[in-house]
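The block underneath contains the structure these notes are about, expressed in structure tokens.
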Protein chains: 2
Amino acid sequence: MSILVVGSVALDTVETPFTRAEEMLGGAASYFTTAASLYNQVNLVAIVGSDFPGEHIDFWRSRPVNLAGLQIQEGRTFRWVARYHMDMNARDTLDTQLGVYAGFHPVIPDEYRRSSLLFLANIQPELQLEVLEQVARPGLTVLDTMELWIMTARPQLTEVIKRVDILLMSEEEVRQYTECPSIVSGVRQLLKMGLKYVVVKQGSYGALLFGADGTFFSAPTYPLEEVIDPTGAGDAFAGGFLGYLSLVEPQPDGRYAIDEIKRAVVHGNIIGSFVCEDLSIGRLRTLTMDDIAERYSALVKCSHFDPNWRSA
Amino acid sequence: MSILVVGSVALDTVETPFTRAEEMLGGAASYFTTAASLYNQVNLVAIVGSDFPGEHIDFWRSRPVNLAGLQIQEGRTFRWVARYHMDMNARDTLDTQLGVYAGFHPVIPDEYRRSSLLFLANIQPELQLEVLEQVARPGLTVLDTMELWIMTARPQLTEVIKRVDILLMSEEEVRQYTECPSIVSGVRQLLKMGLKYVVVKQGSYGALLFGADGTFFSAPTYPLEEVIDPTGAGDAFAGGFLGYLSLVEPQPDGRYAIDEIKRAVVHGNIIGSFVCEDLSIGRLRTLTMDDIAERYSALVKCSHFDPNWRSA
């Protein structure tokens, strides 16, 4: 079951209170692709300029990543510059240079059309709609977005939300989009739009899963001794989430068992936590399934407690 | 096993984006006492002025609360005025009038001296030291504090920390006191001061338990549809935490089993979540052990997941 992802590939310059690094591989689709390809084959649709370093292409070629949909166009690759605060849950974007990305229109190669899972990474809702027009409805479609599109492309974003199964949003984005101060009420409003699940990302605090069937699950995150660079944690979360689900057989009705969805959220948190341990995709390059299984056990150990409210 | 608490009793005026209420029962010791007395007897040491409404005294008399240590002095009760932001994890203090609290020195009545558990609620570290001088070391001593004392009374606070078993601190307080950007590193520094456990309070995100023995536990919190007033949630957390432990028999070595400590953190989160559902101690007045047991089950259900990292 391969995974189709459409999103941005960029060169990032990131400054934290402790370090600064220039022109590293970045962009939502880069993090997602590298993370999800730990689990299964990823079919990438994105655009880069003629200045895009060949080493990144070579790296993805060493993984189960299909690059038939990666457009390489004369010009400059998308650049993004950001600075993190002392509390690394917050950052400021200092500069954005779209380069060839400004003219991007996703084209889904024929060989991608059998992908069972689709991830619409954080790009303009208009482009996400172009993707949905080109694919027969996959088994599962997951959507990510950002504050900018909530502010500038709300009607189009609403259109996309109505056509997907699962929405990933940060807490702040839920508040912005729904205008509800309460996350619980905001999510209820989102679920009424036809979503099966909403996953609320809470940065270093973990993630919440809400289902249209009333499911609620609060997934713990792994407490890191040191956060080097949180860039891409949300995209890597999506990579772990969809990567795990790509290994699972859906039920006869096409839906995933709720235990599998919960497990997928935990995988998302795990991959999201690993990403923060190094700059760019550094930690994802060396990560193995054994590392993931080990952190999974650590999360079980640190979050489960006696199910009886008092001792016998 | 009765619980001794020393802290503030106040009259609070609180403004949230949705409501405003004046001169309600407040203060750390009020929240703690009301919460912990759901579990066991509480011995209160505090001071109020001659204007303190008798109805609050009457309410505590209806509970297993010993008021022998409540000083009633000619003058005005401590007043506190605060305003919450739209994100109710943040607030500003608008006014503080100490009244009779300015001359407070805790006096522990003889009949309190057999208390097995001691909670030093958030008051000046100097006063907390006065309490420690008056009591033989109880079975368990738990300390709370606040940013103000970290900034203005750091040496005295350090002295108190060295003499207690468990420290409750918010994330920001851990960063401020230890000057570590990482909570994990900051807590390690605190544990080196001789504490058995540090509980890091994360507001609506739950709480983290770190033990000197290497224990780590991440306790989920209950997602509220609507937060009316988060004032006192940390004090009520302490009430649930110590209240639960007061029902537990320590091990032969005098220590509590780690499963009991974890369960106590969950009780703390539960009581902290209930408090937010109404102004002042409103929700704690009507709360029953059945309500607590029901929310405990809900937390088990929403936080436990399959311990195997993939399906068989």
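Identifiers in the structure tokens: chain A, B, ... in order shown; residue index from 1 per chain; ligand index from 1 in order shown.
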
Requested in this report: Find the residues of chain B in contact range of chain A, meaning any atom within 8 Å when counting only C-alpha atoms, and list them as a ChimeraX atom specification.
Outcome: /B:86-87,181-185,205,216-220,223-227,248,259-260,262-263,293,296-297,300-311

Restrict the selected residues to C-alpha atoms and save them as a CSV table (one decimal), in the first residue's frame.
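The resulting file, selection_9.csv, is shown below:
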chain,number,residue,atom,x,y,z
B,86,MET,CA,-8.4,34.2,25.7
B,87,ASP,CA,-6.0,31.2,26.1
B,181,PRO,CA,15.5,25.5,28.7
B,182,SER,CA,14.9,21.8,28.9
B,183,ILE,CA,12.4,20.6,31.5
B,184,VAL,CA,14.1,17.2,31.6
B,185,SER,CA,17.5,18.7,32.4
B,205,TYR,CA,-1.9,19.6,29.1
B,216,PHE,CA,9.0,9.0,34.5
B,217,PHE,CA,5.2,9.2,34.1
B,218,SER,CA,3.1,11.5,31.9
B,219,ALA,CA,-0.4,11.8,33.2
B,220,PRO,CA,-3.2,12.8,30.8
B,223,PRO,CA,-10.3,17.7,28.0
B,224,LEU,CA,-13.0,20.1,29.1
B,225,GLU,CA,-15.8,21.3,26.8
B,226,GLU,CA,-15.7,24.6,28.6
B,227,VAL,CA,-13.3,26.1,31.1
B,248,VAL,CA,-2.8,4.7,51.0
B,259,ASP,CA,1.8,2.8,41.3
B,260,GLU,CA,0.2,4.7,44.1
B,262,LYS,CA,1.2,7.6,39.7
B,263,ARG,CA,-2.4,7.1,40.7
B,293,ALA,CA,-14.0,7.4,39.9
B,296,TYR,CA,-10.6,8.2,36.4
B,297,SER,CA,-12.2,5.5,34.1
B,300,VAL,CA,-7.8,5.3,31.5
B,301,LYS,CA,-10.0,4.9,28.4
B,302,CYS,CA,-8.7,7.9,26.6
B,303,SER,CA,-5.0,7.5,27.3
B,304,HIS,CA,-4.2,3.7,27.2
B,305,PHE,CA,-3.3,2.2,23.9
B,306,ASP,CA,-2.2,-1.2,22.6
B,307,PRO,CA,1.2,-2.0,24.2
B,308,ASN,CA,2.5,-3.7,21.0
B,309,TRP,CA,4.0,-1.3,18.5
B,310,ARG,CA,2.2,-3.1,15.6
B,311,SER,CA,-0.7,-5.5,15.3

Contact table stretch 140-240 of chain B vs stretch 26-44 of chain B, cut-off 8 Å, shortest pair per residue, only C-alpha atoms, as a Markdown table:
| residue | atom | partner | partner_atom | distance |
| --- | --- | --- | --- | --- |
| B:Gly232 | CA | B:Tyr31 | CA | 5.9 |
| B:Asp235 | CA | B:Phe32 | CA | 5.2 |
| B:Ala236 | CA | B:Phe32 | CA | 5.1 |
| B:Phe237 | CA | B:Phe32 | CA | 7.8 |
| B:Ala238 | CA | B:Phe32 | CA | 6.4 |
| B:Gly239 | CA | B:Ala36 | CA | 4.3 |
| B:Gly240 | CA | B:Ala36 | CA | 5.8 |

Let's have the selection written as an mmCIF file, in the first residue's frame, with all heavy atoms.
data_model
loop_
_atom_site.group_PDB
_atom_site.id
_atom_site.type_symbol
_atom_site.label_atom_id
_atom_site.label_comp_id
_atom_site.auth_asym_id
_atom_site.auth_seq_id
_atom_site.Cartn_x
_atom_site.Cartn_y
_atom_site.Cartn_z
ATOM 1 N N GLY B 232 -6.964 28.146 40.891
ATOM 2 C CA GLY B 232 -6.929 27.109 41.921
ATOM 3 C C GLY B 232 -6.720 25.710 41.398
ATOM 4 O O GLY B 232 -6.676 24.757 42.184
ATOM 5 N N ASP B 235 -3.706 24.131 43.011
ATOM 6 C CA ASP B 235 -3.914 23.848 44.435
ATOM 7 C C ASP B 235 -4.850 22.658 44.600
ATOM 8 O O ASP B 235 -4.672 21.823 45.482
ATOM 9 C CB ASP B 235 -4.496 25.078 45.133
ATOM 10 C CG ASP B 235 -3.706 26.333 44.788
ATOM 11 O OD1 ASP B 235 -2.474 26.318 44.942
ATOM 12 O OD2 ASP B 235 -4.312 27.313 44.328
ATOM 13 N N ALA B 236 -5.857 22.592 43.728
ATOM 14 C CA ALA B 236 -6.783 21.466 43.765
ATOM 15 C C ALA B 236 -6.061 20.190 43.317
ATOM 16 O O ALA B 236 -6.322 19.103 43.843
ATOM 17 C CB ALA B 236 -7.978 21.731 42.860
ATOM 18 N N PHE B 237 -5.127 20.337 42.353
ATOM 19 C CA PHE B 237 -4.287 19.203 41.966
ATOM 20 C C PHE B 237 -3.600 18.647 43.202
ATOM 21 O O PHE B 237 -3.640 17.437 43.473
ATOM 22 C CB PHE B 237 -3.235 19.654 40.938
ATOM 23 C CG PHE B 237 -2.252 18.573 40.576
ATOM 24 C CD1 PHE B 237 -2.438 17.799 39.450
ATOM 25 C CD2 PHE B 237 -1.144 18.325 41.385
ATOM 26 C CE1 PHE B 237 -1.540 16.781 39.136
ATOM 27 C CE2 PHE B 237 -0.241 17.318 41.083
ATOM 28 C CZ PHE B 237 -0.445 16.542 39.945
ATOM 29 N N ALA B 238 -2.976 19.547 43.975
ATOM 30 C CA ALA B 238 -2.280 19.118 45.196
ATOM 31 C C ALA B 238 -3.256 18.454 46.158
ATOM 32 O O ALA B 238 -2.914 17.458 46.817
ATOM 33 C CB ALA B 238 -1.603 20.320 45.850
ATOM 34 N N GLY B 239 -4.490 18.963 46.231
ATOM 35 C CA GLY B 239 -5.500 18.374 47.105
ATOM 36 C C GLY B 239 -5.846 16.952 46.698
ATOM 37 O O GLY B 239 -5.975 16.066 47.541
ATOM 38 N N GLY B 240 -5.988 16.719 45.400
ATOM 39 C CA GLY B 240 -6.274 15.372 44.907
ATOM 40 C C GLY B 240 -5.077 14.447 45.116
ATOM 41 O O GLY B 240 -5.230 13.284 45.503
#

What's the 6 Å shell around stretch 93-104 of chain B, counting only C-alpha atoms, without same-chain residues fewer than 2 positions away, as a compact mmCIF listing (two decimals) with C-alpha atoms, in the first residue's frame?
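Saved the output as selection07.txt:
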# COMPACT_ATOMS: atom_id res chain seq x y z
CA GLY B 49 -9.62 39.12 58.52
CA GLY B 75 -8.73 43.71 59.68
CA ARG B 76 -9.24 42.80 56.04
CA THR B 77 -8.85 39.37 54.42
CA PHE B 78 -6.26 38.95 51.63
CA ARG B 79 -7.72 40.13 48.27
CA TRP B 80 -6.55 39.07 44.80
CA VAL B 81 -7.79 40.39 41.43
CA ALA B 82 -6.84 38.73 38.13

Query raised in the report: Pick the closest to B:Gln128 from B:Val65, B:Val198, B:Ile261, B:Val5: which is it, counting only C-alpha atoms?
Result: B:Val5

Query raised in the report: A:Glu126: which residues within 12 Å, counting only C-alpha atoms, same-chain residues fewer than 2 positions away excluded, as a list in words?
Result: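 In the requested form, the answer reads Phe104, His105, Pro106, Leu120, Asn122, Ile123, Gln124, Gln128, Leu129, Glu130, Val131, Leu132, Glu133, Thr145, Trp149, Thr152, Ala153, Arg154, Pro155, Gln156, Leu157, Thr158, Glu159, Val160 and Ile161 of chain A.
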
Query - Nearby residues (only C-alpha atoms) at most 10 Å from B:Lys162, same-chain spacing under 6 positions excluded, as a VMD selection string - result: chain B and resid 190 to 195

Take the residues from that selection and write them out as a short mmCIF file (atom, residue, chain, number, x, y, z; two decimals), in the first residue's frame, keeping N, CA and C atoms.
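Dumped everything to part-v1.cif:
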data_model
loop_
_atom_site.label_atom_id
_atom_site.label_comp_id
_atom_site.auth_asym_id
_atom_site.auth_seq_id
_atom_site.Cartn_x
_atom_site.Cartn_y
_atom_site.Cartn_z
N LEU B 190 16.87 19.63 39.90
CA LEU B 190 16.05 19.69 41.12
C LEU B 190 16.16 18.41 41.93
N LEU B 191 16.15 17.27 41.23
CA LEU B 191 16.21 15.98 41.94
C LEU B 191 17.54 15.83 42.69
N LYS B 192 18.58 16.44 42.15
CA LYS B 192 19.89 16.38 42.82
C LYS B 192 19.89 17.10 44.17
N MET B 193 18.85 17.93 44.39
CA MET B 193 18.78 18.66 45.67
C MET B 193 18.21 17.78 46.78
N GLY B 194 17.88 16.52 46.45
CA GLY B 194 17.42 15.60 47.49
C GLY B 194 15.94 15.25 47.43
N LEU B 195 15.22 15.80 46.45
CA LEU B 195 13.79 15.50 46.32
C LEU B 195 13.59 14.05 45.89
#

Report task. Skip B:Arg285 itself and residues of its chain fewer than 3 positions away, then list as a ChimeraX atom specification all residues within 10 Å of it, counting only C-alpha atoms. Result -> /B:34-35,38,59-60,63,275,280-282,288
